[in-house]
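Student: Please find one structure pasted underneath; my questions will follow.
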Amino acid sequence: MDTISLFKKILSFESITPDDAGAFDFIEEYLSGFEVIKLDIGGVKNRFFYKRFGEGEHLCFAGHIDVVPPGEGWLSDPFVPTEKEGMIYARGAQDMKSGLSAFLKACRDAKNFSGTLSVLLTSDEEGDATNGTVKMLELLKERGMLPDYAIVAEPTCEERFGDTIKIGRRGSINGVIEKMGVQGHAAYPQKAKNPIHKVAQVLPKMAGAFLDEGDEAFAPSQFVITDIRAGMEVTNVTPANLKMMFNVRNSTKTDLEAVKAFVDQHFRDMDYTLTLNQSAKPFVTDRNSKVIEVMSETIFDLVDIKPELSTAGGTSDARFFGEFGVDTVEFGVKNDTIHAINERVGVDDVIALERIFAQVIERF
Ligand SMILES: [Zn+2]
């Protein structure tokens with residue numbers, strides 16, 4: 001089966017989170033030369049396929065079989081891959097069944113490898129990801145089977161195939177501030193405590209503020225306000241409280257404590273509550289790591305682009321490998337139509353991606 005036939009087959013499974021829709025049975029058969037560890041938790045399926053070629057290092061390819069719901073308005077059936085003018089249309093075409101198909105084929109065909117080659121798959125990356133990749137990594141750690149290096153085949157490219165690899169990801173901290181006041185008549189502001197007026201005074205210093213100056217790997221961590229609400233949509237009552245929501249995509253220089261200190265500093269003499277949670281921690285792999293060097297060089301040799309080493313964008317399961325101390329790089333196709341209607345990918349890019357992964361395995 002060539003790369004594109006395999007890709008179309010994988011696209012045809014209606015694997016909306018957390019359902020693999022039978023895809024893992026197909027993949028188990030496809031990778032029949034590999035051992036398998038299965039870990040199913042609360043409707044989520046995880047699979048770890050591995051093959052020991054020799055004593056050398058352990059390289060793992062990772063990805064998710066699940067896709068987000070297609071939504072309305074597609075020109076073709078989102079689970080019947082449709083080829084048109086060099087593009088394949090289907091849900092998951094970019095995110096990330098292209099990457100997944102490319103590494104499945106590269107791993108199955110691998111011959112010259114000196115260590116352990118493995119594939120880690122989950123059916124819950126697009127969901128809350130609590131029973132997915134992280135659980136399999138915990139199990140592998142228990143068994144002393146954690147990989148030395150991981151390649152996560154998420155779609156990373158921006159303008160042209162080959163232009164970006166991700167060597168880390170920012171974390172994500174969410175916060176809710178509630179500022180209490182005393183409701184009153186707009187005509188008697190001195191008798192009320194108007195939380196809007198109070199908060200308005202500190203907003204200029206908080207909105208969009210940088211919490212650190214960034215570094216070689218990360219852009220500065222920025223305080224981004226996502227919602228402010230108060231009042232009853234009337235003009236004659238000042239409200240009893242105000243609620244403000246925010247998000248910080250944080251680098252390794254800013255943690256939860258730093259965000260708390262930043263809010264406290266500005267709300268110091270106000271009556272308020274703050275709820276904070278970190279949904280993802282930042283990580284970065286050393287630029288000189290073998291997995292980054294081999295990936296960059298292979299991309300340069302095969303598609304003639306020197307990829308940018310980025311940490312931008314949302315979170316991905318790569319963060320879990322980072323947490324477990326695995327040197328991790330992400331590389332895949334372009335990401336301009338991910339989660340969108342009529343998601344599509346260039347046929348040539350998928351073929352090139354498979355060749356790159358196959359070469360990376362050889363060069364390792
Ligand atoms: Zn993805």
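Order determines the names: the first chain of the structure tokens is A, the second B, and so forth; residues in each chain are numbered 1 upward, and ligands are numbered 1 upward as they are shown.
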Write out as number ranges by chain each polymer residue (protein, DNA or RNA) that has an atom no more than 8 Å from ligand 1, with only C-alpha atoms and all ligand atoms counted.

Tutor: A: 63-64, 67, 95-96, 125-126, 154-155, 316

Student: Print the selection's residues with N, CA and C atoms to a file, as a PDB file, in the first residue's frame.

Tutor:
```
ATOM      1  N   GLY A  63       1.186  10.445  17.792  1.00  0.00           N
ATOM      2  CA  GLY A  63       0.115  11.214  17.185  1.00  0.00           C
ATOM      3  C   GLY A  63      -1.248  10.794  17.692  1.00  0.00           C
ATOM      4  N   HIS A  64      -2.268  11.506  17.204  1.00  0.00           N
ATOM      5  CA  HIS A  64      -3.636  11.194  17.617  1.00  0.00           C
ATOM      6  C   HIS A  64      -4.480  10.800  16.414  1.00  0.00           C
ATOM      7  N   VAL A  67     -10.261  13.208  15.620  1.00  0.00           N
ATOM      8  CA  VAL A  67     -10.453  14.477  14.902  1.00  0.00           C
ATOM      9  C   VAL A  67     -11.611  15.233  15.555  1.00  0.00           C
ATOM     10  N   ASP A  95      -4.754  17.706  10.366  1.00  0.00           N
ATOM     11  CA  ASP A  95      -4.642  17.500  11.830  1.00  0.00           C
ATOM     12  C   ASP A  95      -5.303  16.189  12.240  1.00  0.00           C
ATOM     13  N   MET A  96      -4.546  15.075  12.365  1.00  0.00           N
ATOM     14  CA  MET A  96      -3.195  14.920  11.885  1.00  0.00           C
ATOM     15  C   MET A  96      -2.999  13.553  11.238  1.00  0.00           C
ATOM     16  N   GLU A 125      -6.797  13.468  21.911  1.00  0.00           N
ATOM     17  CA  GLU A 125      -5.919  14.639  21.970  1.00  0.00           C
ATOM     18  C   GLU A 125      -6.764  15.884  21.830  1.00  0.00           C
ATOM     19  N   GLU A 126      -7.788  15.796  20.988  1.00  0.00           N
ATOM     20  CA  GLU A 126      -8.658  16.949  20.744  1.00  0.00           C
ATOM     21  C   GLU A 126      -9.644  17.156  21.901  1.00  0.00           C
ATOM     22  N   GLU A 154       2.336  16.538  14.400  1.00  0.00           N
ATOM     23  CA  GLU A 154       1.295  17.569  14.282  1.00  0.00           C
ATOM     24  C   GLU A 154       1.622  18.487  13.101  1.00  0.00           C
ATOM     25  N   PRO A 155       0.598  19.085  12.506  1.00  0.00           N
ATOM     26  CA  PRO A 155       0.868  20.014  11.394  1.00  0.00           C
ATOM     27  C   PRO A 155       1.540  21.285  11.912  1.00  0.00           C
ATOM     28  N   SER A 316      -0.120  20.900  22.489  1.00  0.00           N
ATOM     29  CA  SER A 316      -0.307  19.595  21.851  1.00  0.00           C
ATOM     30  C   SER A 316       0.200  18.535  22.818  1.00  0.00           C
TER      31      SER A 316
END
```

Student: Taking 6 positions as the minimum chain separation for residues in the same chain, which residues sit within 12 Å of Pro81 of chain A when counting only C-alpha atoms? Answer as a PyMOL selection string.

Tutor: chain A and resi 4-14+74-75+87-93+97-98+342-345+347

Student: Now that the selection is made, can you save its residues with C-alpha atoms as a PDB file, in the first residue's frame?

Tutor:
```pdb
ATOM      1  CA  ILE A   4      -1.620   8.024  -0.239  1.00  0.00           C
ATOM      2  CA  SER A   5      -3.700   4.815  -0.248  1.00  0.00           C
ATOM      3  CA  LEU A   6      -2.856   4.327   3.417  1.00  0.00           C
ATOM      4  CA  PHE A   7      -3.676   7.988   4.106  1.00  0.00           C
ATOM      5  CA  LYS A   8      -7.091   7.716   2.406  1.00  0.00           C
ATOM      6  CA  LYS A   9      -7.867   4.553   4.316  1.00  0.00           C
ATOM      7  CA  ILE A  10      -7.045   6.249   7.657  1.00  0.00           C
ATOM      8  CA  LEU A  11      -9.110   9.317   6.708  1.00  0.00           C
ATOM      9  CA  SER A  12     -12.157   7.140   6.093  1.00  0.00           C
ATOM     10  CA  PHE A  13     -12.485   6.146   9.789  1.00  0.00           C
ATOM     11  CA  GLU A  14     -14.986   8.466  11.509  1.00  0.00           C
ATOM     12  CA  TRP A  74     -18.495  20.737   3.413  1.00  0.00           C
ATOM     13  CA  LEU A  75     -18.257  20.450  -0.380  1.00  0.00           C
ATOM     14  CA  MET A  87      -5.369  18.354  -2.725  1.00  0.00           C
ATOM     15  CA  ILE A  88      -7.093  15.766  -0.552  1.00  0.00           C
ATOM     16  CA  TYR A  89     -10.189  16.974   1.300  1.00  0.00           C
ATOM     17  CA  ALA A  90     -11.296  15.258   4.524  1.00  0.00           C
ATOM     18  CA  ARG A  91     -11.561  15.914   8.265  1.00  0.00           C
ATOM     19  CA  GLY A  92      -8.130  15.170   9.715  1.00  0.00           C
ATOM     20  CA  ALA A  93      -6.305  15.746   6.409  1.00  0.00           C
ATOM     21  CA  LYS A  97      -3.903  11.858   9.805  1.00  0.00           C
ATOM     22  CA  SER A  98      -1.330  12.981   7.217  1.00  0.00           C
ATOM     23  CA  ASN A 342     -13.115  21.643   3.871  1.00  0.00           C
ATOM     24  CA  GLU A 343      -9.870  20.753   5.677  1.00  0.00           C
ATOM     25  CA  ARG A 344      -7.354  19.756   2.999  1.00  0.00           C
ATOM     26  CA  VAL A 345      -3.732  18.928   2.379  1.00  0.00           C
ATOM     27  CA  VAL A 347      -0.862  15.249  -1.947  1.00  0.00           C
TER      28      VAL A 347
END
```

Student: Hey, can you check how far atom CA of Gly86 of chain A sits from atom CA of Arg160 of chain A?

Tutor: 15.1 Å

Student: Can you work out which one of A:Ala106, A:Val152, A:Ile292, A:Ala318 has the shortest atom-to-atom distance to Val350 of chain A, counting only C-alpha atoms?

Tutor: A:Ala106

Student: For segment 265-349 of chain A against segment 141-151 of chain A, with a cut-off of 6 Å and counting only C-alpha atoms, what is the closest atom pair and its distance in Å to one decimal for every residue that makes the cut, ordered by chain and number, as a tab-separated table?

Tutor:
```
residue	atom	partner	partner_atom	distance
A:Val326	CA	A:Tyr149	CA	5.5
A:Asp327	CA	A:Tyr149	CA	4.8
A:Thr328	CA	A:Ala150	CA	4.7
A:Val329	CA	A:Ile151	CA	5.1
A:Glu330	CA	A:Ile151	CA	5.6
```

Student: Could you turn the residues from that selection into a file that holds C-alpha atoms, as a PDB file, in the first residue's frame?

Tutor:
```pdb
ATOM      1  CA  VAL A 326      11.884  13.067  26.396  1.00  0.00           C
ATOM      2  CA  ASP A 327      13.630  15.202  23.738  1.00  0.00           C
ATOM      3  CA  THR A 328      10.743  16.083  21.467  1.00  0.00           C
ATOM      4  CA  VAL A 329      10.258  17.703  18.107  1.00  0.00           C
ATOM      5  CA  GLU A 330       7.056  18.305  16.175  1.00  0.00           C
TER       6      GLU A 330
END
```

Student: Have a look at A:Val294, A:Ile41, A:Ala312, A:Val199 and name the one nearest to Asp271 of chain A; count only C-alpha atoms.

Tutor: A:Val199

Student: As a VMD selection string, please: all residues of segment 197-304 of chain A that backbone DSSP puts in strand (DSSP E).

Tutor: chain A and resid 222 to 230 237 to 238 241 to 250 272 to 280 283 to 284

Student: I want to know what sits within 12 Å of Pro307 of chain A, based on only C-alpha atoms, with residues of the same chain fewer than 3 positions away left out; could you give that as an mmCIF file with C-alpha atoms, in the first residue's frame?

Tutor:
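Output below, filename out_16.cif:
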```
data_model
loop_
_atom_site.group_PDB
_atom_site.id
_atom_site.type_symbol
_atom_site.label_atom_id
_atom_site.label_comp_id
_atom_site.auth_asym_id
_atom_site.auth_seq_id
_atom_site.Cartn_x
_atom_site.Cartn_y
_atom_site.Cartn_z
ATOM 1 C CA THR A 156 3.543 22.661 12.073
ATOM 2 C CA CYS A 157 4.153 24.428 8.760
ATOM 3 C CA GLU A 158 2.915 27.957 8.117
ATOM 4 C CA GLU A 159 3.424 29.214 4.559
ATOM 5 C CA ARG A 160 5.264 26.371 2.856
ATOM 6 C CA PHE A 161 5.762 22.702 3.635
ATOM 7 C CA GLY A 162 9.017 22.393 5.552
ATOM 8 C CA ASP A 163 9.190 25.944 6.898
ATOM 9 C CA THR A 164 8.574 25.248 10.624
ATOM 10 C CA ILE A 165 9.321 22.634 13.236
ATOM 11 C CA LYS A 166 8.294 23.020 16.859
ATOM 12 C CA ILE A 167 10.881 22.399 19.520
ATOM 13 C CA ILE A 292 16.150 18.405 16.245
ATOM 14 C CA GLU A 293 19.397 18.330 14.310
ATOM 15 C CA VAL A 294 18.486 15.219 12.334
ATOM 16 C CA MET A 295 14.991 16.571 11.588
ATOM 17 C CA SER A 296 16.252 20.008 10.457
ATOM 18 C CA GLU A 297 18.990 18.554 8.271
ATOM 19 C CA THR A 298 16.665 16.014 6.662
ATOM 20 C CA ILE A 299 14.075 18.688 5.819
ATOM 21 C CA PHE A 300 16.801 20.879 4.344
ATOM 22 C CA ASP A 301 18.184 18.038 2.232
ATOM 23 C CA LEU A 302 14.808 16.831 0.939
ATOM 24 C CA VAL A 303 12.751 20.013 0.466
ATOM 25 C CA ASP A 304 15.505 22.630 0.407
ATOM 26 C CA SER A 310 9.318 27.584 16.842
ATOM 27 C CA GLU A 330 7.056 18.305 16.175
ATOM 28 C CA PHE A 331 6.907 18.305 12.422
ATOM 29 C CA GLY A 332 4.092 17.824 9.944
#
```

Student: Within 9 Å of segment 241-258 of chain A, counting only C-alpha atoms, which residues qualify if same-chain residues fewer than 2 places away don't, as an NGL selection string?

Tutor: :A and (169-183 or 194-196 or 199 or 211-215 or 217-231 or 239 or 260-263 or 276-278 or 281-284 or 314)

Student: With a cut-off of 12 Å, could you pull out the residues of segment 42-134 of chain A touching segment 32-38 of chain A and give me the nearest pair of atoms for each, distance in Å to one decimal, using only C-alpha atoms, ordered by chain and ascending number, as JSON lines?

Tutor:
```
{"residue": "A:Val44", "atom": "CA", "partner": "A:Lys38", "partner_atom": "CA", "distance": 10.8}
{"residue": "A:Lys45", "atom": "CA", "partner": "A:Lys38", "partner_atom": "CA", "distance": 7.5}
{"residue": "A:Asn46", "atom": "CA", "partner": "A:Lys38", "partner_atom": "CA", "distance": 5.9}
{"residue": "A:Arg47", "atom": "CA", "partner": "A:Lys38", "partner_atom": "CA", "distance": 4.9}
{"residue": "A:Phe48", "atom": "CA", "partner": "A:Ile37", "partner_atom": "CA", "distance": 5.0}
{"residue": "A:Phe49", "atom": "CA", "partner": "A:Val36", "partner_atom": "CA", "distance": 4.5}
{"residue": "A:Tyr50", "atom": "CA", "partner": "A:Phe34", "partner_atom": "CA", "distance": 5.2}
{"residue": "A:Lys51", "atom": "CA", "partner": "A:Phe34", "partner_atom": "CA", "distance": 5.0}
{"residue": "A:Arg52", "atom": "CA", "partner": "A:Phe34", "partner_atom": "CA", "distance": 8.5}
{"residue": "A:Phe53", "atom": "CA", "partner": "A:Phe34", "partner_atom": "CA", "distance": 10.6}
{"residue": "A:Leu104", "atom": "CA", "partner": "A:Phe34", "partner_atom": "CA", "distance": 11.2}
{"residue": "A:Cys107", "atom": "CA", "partner": "A:Phe34", "partner_atom": "CA", "distance": 9.6}
{"residue": "A:Arg108", "atom": "CA", "partner": "A:Gly33", "partner_atom": "CA", "distance": 7.7}
{"residue": "A:Asp109", "atom": "CA", "partner": "A:Gly33", "partner_atom": "CA", "distance": 10.2}
{"residue": "A:Ala110", "atom": "CA", "partner": "A:Gly33", "partner_atom": "CA", "distance": 10.8}
{"residue": "A:Lys111", "atom": "CA", "partner": "A:Gly33", "partner_atom": "CA", "distance": 11.7}
{"residue": "A:Thr116", "atom": "CA", "partner": "A:Phe34", "partner_atom": "CA", "distance": 10.5}
{"residue": "A:Leu117", "atom": "CA", "partner": "A:Phe34", "partner_atom": "CA", "distance": 9.1}
{"residue": "A:Ser118", "atom": "CA", "partner": "A:Phe34", "partner_atom": "CA", "distance": 8.2}
{"residue": "A:Val119", "atom": "CA", "partner": "A:Phe34", "partner_atom": "CA", "distance": 9.3}
{"residue": "A:Leu120", "atom": "CA", "partner": "A:Ile37", "partner_atom": "CA", "distance": 9.5}
{"residue": "A:Leu121", "atom": "CA", "partner": "A:Lys38", "partner_atom": "CA", "distance": 9.9}
{"residue": "A:Thr122", "atom": "CA", "partner": "A:Lys38", "partner_atom": "CA", "distance": 10.1}
{"residue": "A:Ser123", "atom": "CA", "partner": "A:Lys38", "partner_atom": "CA", "distance": 12.0}
{"residue": "A:Gly132", "atom": "CA", "partner": "A:Lys38", "partner_atom": "CA", "distance": 11.4}
{"residue": "A:Thr133", "atom": "CA", "partner": "A:Lys38", "partner_atom": "CA", "distance": 11.7}
```

Student: Can you write out the residues you just picked, keeping N, CA and C atoms, as a PDB file, in the first residue's frame?

Tutor:
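Ended up saving to again.pdb:
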```
ATOM      1  N   VAL A  44     -11.441   6.119  26.137  1.00  0.00           N
ATOM      2  CA  VAL A  44     -10.273   6.555  25.368  1.00  0.00           C
ATOM      3  C   VAL A  44      -9.382   5.345  25.094  1.00  0.00           C
ATOM      4  N   LYS A  45      -8.901   5.243  23.852  1.00  0.00           N
ATOM      5  CA  LYS A  45      -8.002   4.138  23.509  1.00  0.00           C
ATOM      6  C   LYS A  45      -6.605   4.655  23.226  1.00  0.00           C
ATOM      7  N   ASN A  46      -5.632   3.964  23.793  1.00  0.00           N
ATOM      8  CA  ASN A  46      -4.228   4.297  23.547  1.00  0.00           C
ATOM      9  C   ASN A  46      -3.496   3.043  23.093  1.00  0.00           C
ATOM     10  N   ARG A  47      -2.572   3.232  22.154  1.00  0.00           N
ATOM     11  CA  ARG A  47      -1.801   2.097  21.634  1.00  0.00           C
ATOM     12  C   ARG A  47      -0.332   2.465  21.562  1.00  0.00           C
ATOM     13  N   PHE A  48       0.515   1.495  21.966  1.00  0.00           N
ATOM     14  CA  PHE A  48       1.952   1.694  21.846  1.00  0.00           C
ATOM     15  C   PHE A  48       2.515   0.500  21.097  1.00  0.00           C
ATOM     16  N   PHE A  49       3.013   0.752  19.887  1.00  0.00           N
ATOM     17  CA  PHE A  49       3.600  -0.304  19.062  1.00  0.00           C
ATOM     18  C   PHE A  49       5.128  -0.142  19.098  1.00  0.00           C
ATOM     19  N   TYR A  50       5.852  -1.229  19.286  1.00  0.00           N
ATOM     20  CA  TYR A  50       7.302  -1.073  19.319  1.00  0.00           C
ATOM     21  C   TYR A  50       8.015  -2.282  18.729  1.00  0.00           C
ATOM     22  N   LYS A  51       9.207  -2.007  18.225  1.00  0.00           N
ATOM     23  CA  LYS A  51      10.006  -3.055  17.596  1.00  0.00           C
ATOM     24  C   LYS A  51      11.462  -2.810  17.948  1.00  0.00           C
ATOM     25  N   ARG A  52      12.092  -3.830  18.449  1.00  0.00           N
ATOM     26  CA  ARG A  52      13.494  -3.718  18.845  1.00  0.00           C
ATOM     27  C   ARG A  52      14.385  -4.229  17.733  1.00  0.00           C
ATOM     28  N   PHE A  53      15.140  -3.305  17.134  1.00  0.00           N
ATOM     29  CA  PHE A  53      16.068  -3.697  16.075  1.00  0.00           C
ATOM     30  C   PHE A  53      17.433  -4.041  16.665  1.00  0.00           C
ATOM     31  N   LEU A 104       3.473   5.959  10.054  1.00  0.00           N
ATOM     32  CA  LEU A 104       3.119   4.528  10.060  1.00  0.00           C
ATOM     33  C   LEU A 104       3.835   3.808   8.925  1.00  0.00           C
ATOM     34  N   CYS A 107       7.662   3.713   9.526  1.00  0.00           N
ATOM     35  CA  CYS A 107       8.049   2.737  10.550  1.00  0.00           C
ATOM     36  C   CYS A 107       7.897   1.305  10.047  1.00  0.00           C
ATOM     37  N   ARG A 108       6.795   1.050   9.360  1.00  0.00           N
ATOM     38  CA  ARG A 108       6.578  -0.301   8.846  1.00  0.00           C
ATOM     39  C   ARG A 108       7.681  -0.709   7.872  1.00  0.00           C
ATOM     40  N   ASP A 109       8.127   0.257   7.038  1.00  0.00           N
ATOM     41  CA  ASP A 109       9.143  -0.043   6.022  1.00  0.00           C
ATOM     42  C   ASP A 109      10.576   0.000   6.559  1.00  0.00           C
ATOM     43  N   ALA A 110      10.748   0.467   7.821  1.00  0.00           N
ATOM     44  CA  ALA A 110      12.106   0.678   8.339  1.00  0.00           C
ATOM     45  C   ALA A 110      12.904  -0.624   8.368  1.00  0.00           C
ATOM     46  N   LYS A 111      14.157  -0.542   7.894  1.00  0.00           N
ATOM     47  CA  LYS A 111      15.024  -1.728   7.920  1.00  0.00           C
ATOM     48  C   LYS A 111      16.317  -1.446   8.661  1.00  0.00           C
ATOM     49  N   THR A 116      15.364   0.924  19.270  1.00  0.00           N
ATOM     50  CA  THR A 116      13.943   0.592  19.310  1.00  0.00           C
ATOM     51  C   THR A 116      13.159   1.681  18.581  1.00  0.00           C
ATOM     52  N   LEU A 117      12.262   1.239  17.724  1.00  0.00           N
ATOM     53  CA  LEU A 117      11.404   2.165  16.989  1.00  0.00           C
ATOM     54  C   LEU A 117       9.986   1.950  17.501  1.00  0.00           C
ATOM     55  N   SER A 118       9.280   3.035  17.807  1.00  0.00           N
ATOM     56  CA  SER A 118       7.933   2.852  18.347  1.00  0.00           C
ATOM     57  C   SER A 118       6.958   3.895  17.831  1.00  0.00           C
ATOM     58  N   VAL A 119       5.677   3.596  18.032  1.00  0.00           N
ATOM     59  CA  VAL A 119       4.584   4.463  17.613  1.00  0.00           C
ATOM     60  C   VAL A 119       3.606   4.564  18.777  1.00  0.00           C
ATOM     61  N   LEU A 120       3.336   5.784  19.231  1.00  0.00           N
ATOM     62  CA  LEU A 120       2.374   5.966  20.323  1.00  0.00           C
ATOM     63  C   LEU A 120       1.156   6.705  19.784  1.00  0.00           C
ATOM     64  N   LEU A 121      -0.013   6.083  19.929  1.00  0.00           N
ATOM     65  CA  LEU A 121      -1.242   6.677  19.387  1.00  0.00           C
ATOM     66  C   LEU A 121      -2.302   6.804  20.474  1.00  0.00           C
ATOM     67  N   THR A 122      -3.108   7.860  20.363  1.00  0.00           N
ATOM     68  CA  THR A 122      -4.222   8.030  21.292  1.00  0.00           C
ATOM     69  C   THR A 122      -5.482   8.434  20.524  1.00  0.00           C
ATOM     70  N   SER A 123      -6.637   8.203  21.144  1.00  0.00           N
ATOM     71  CA  SER A 123      -7.888   8.673  20.537  1.00  0.00           C
ATOM     72  C   SER A 123      -8.437   9.886  21.287  1.00  0.00           C
ATOM     73  N   GLY A 132      -5.263  10.142  27.730  1.00  0.00           N
ATOM     74  CA  GLY A 132      -4.587   9.806  26.480  1.00  0.00           C
ATOM     75  C   GLY A 132      -3.095   9.585  26.640  1.00  0.00           C
ATOM     76  N   THR A 133      -2.328  10.271  25.821  1.00  0.00           N
ATOM     77  CA  THR A 133      -0.872  10.122  25.757  1.00  0.00           C
ATOM     78  C   THR A 133      -0.206  10.101  27.136  1.00  0.00           C
TER      79      THR A 133
END
```

Student: Report, in Å to a single decimal, how far apart atom CA of Asp25 of chain A and atom CA of Ala352 of chain A are.

Tutor: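 Computed distance, atom CA of Ala352 of chain A to atom CA of Asp25 of chain A, equals 26.3 Å.
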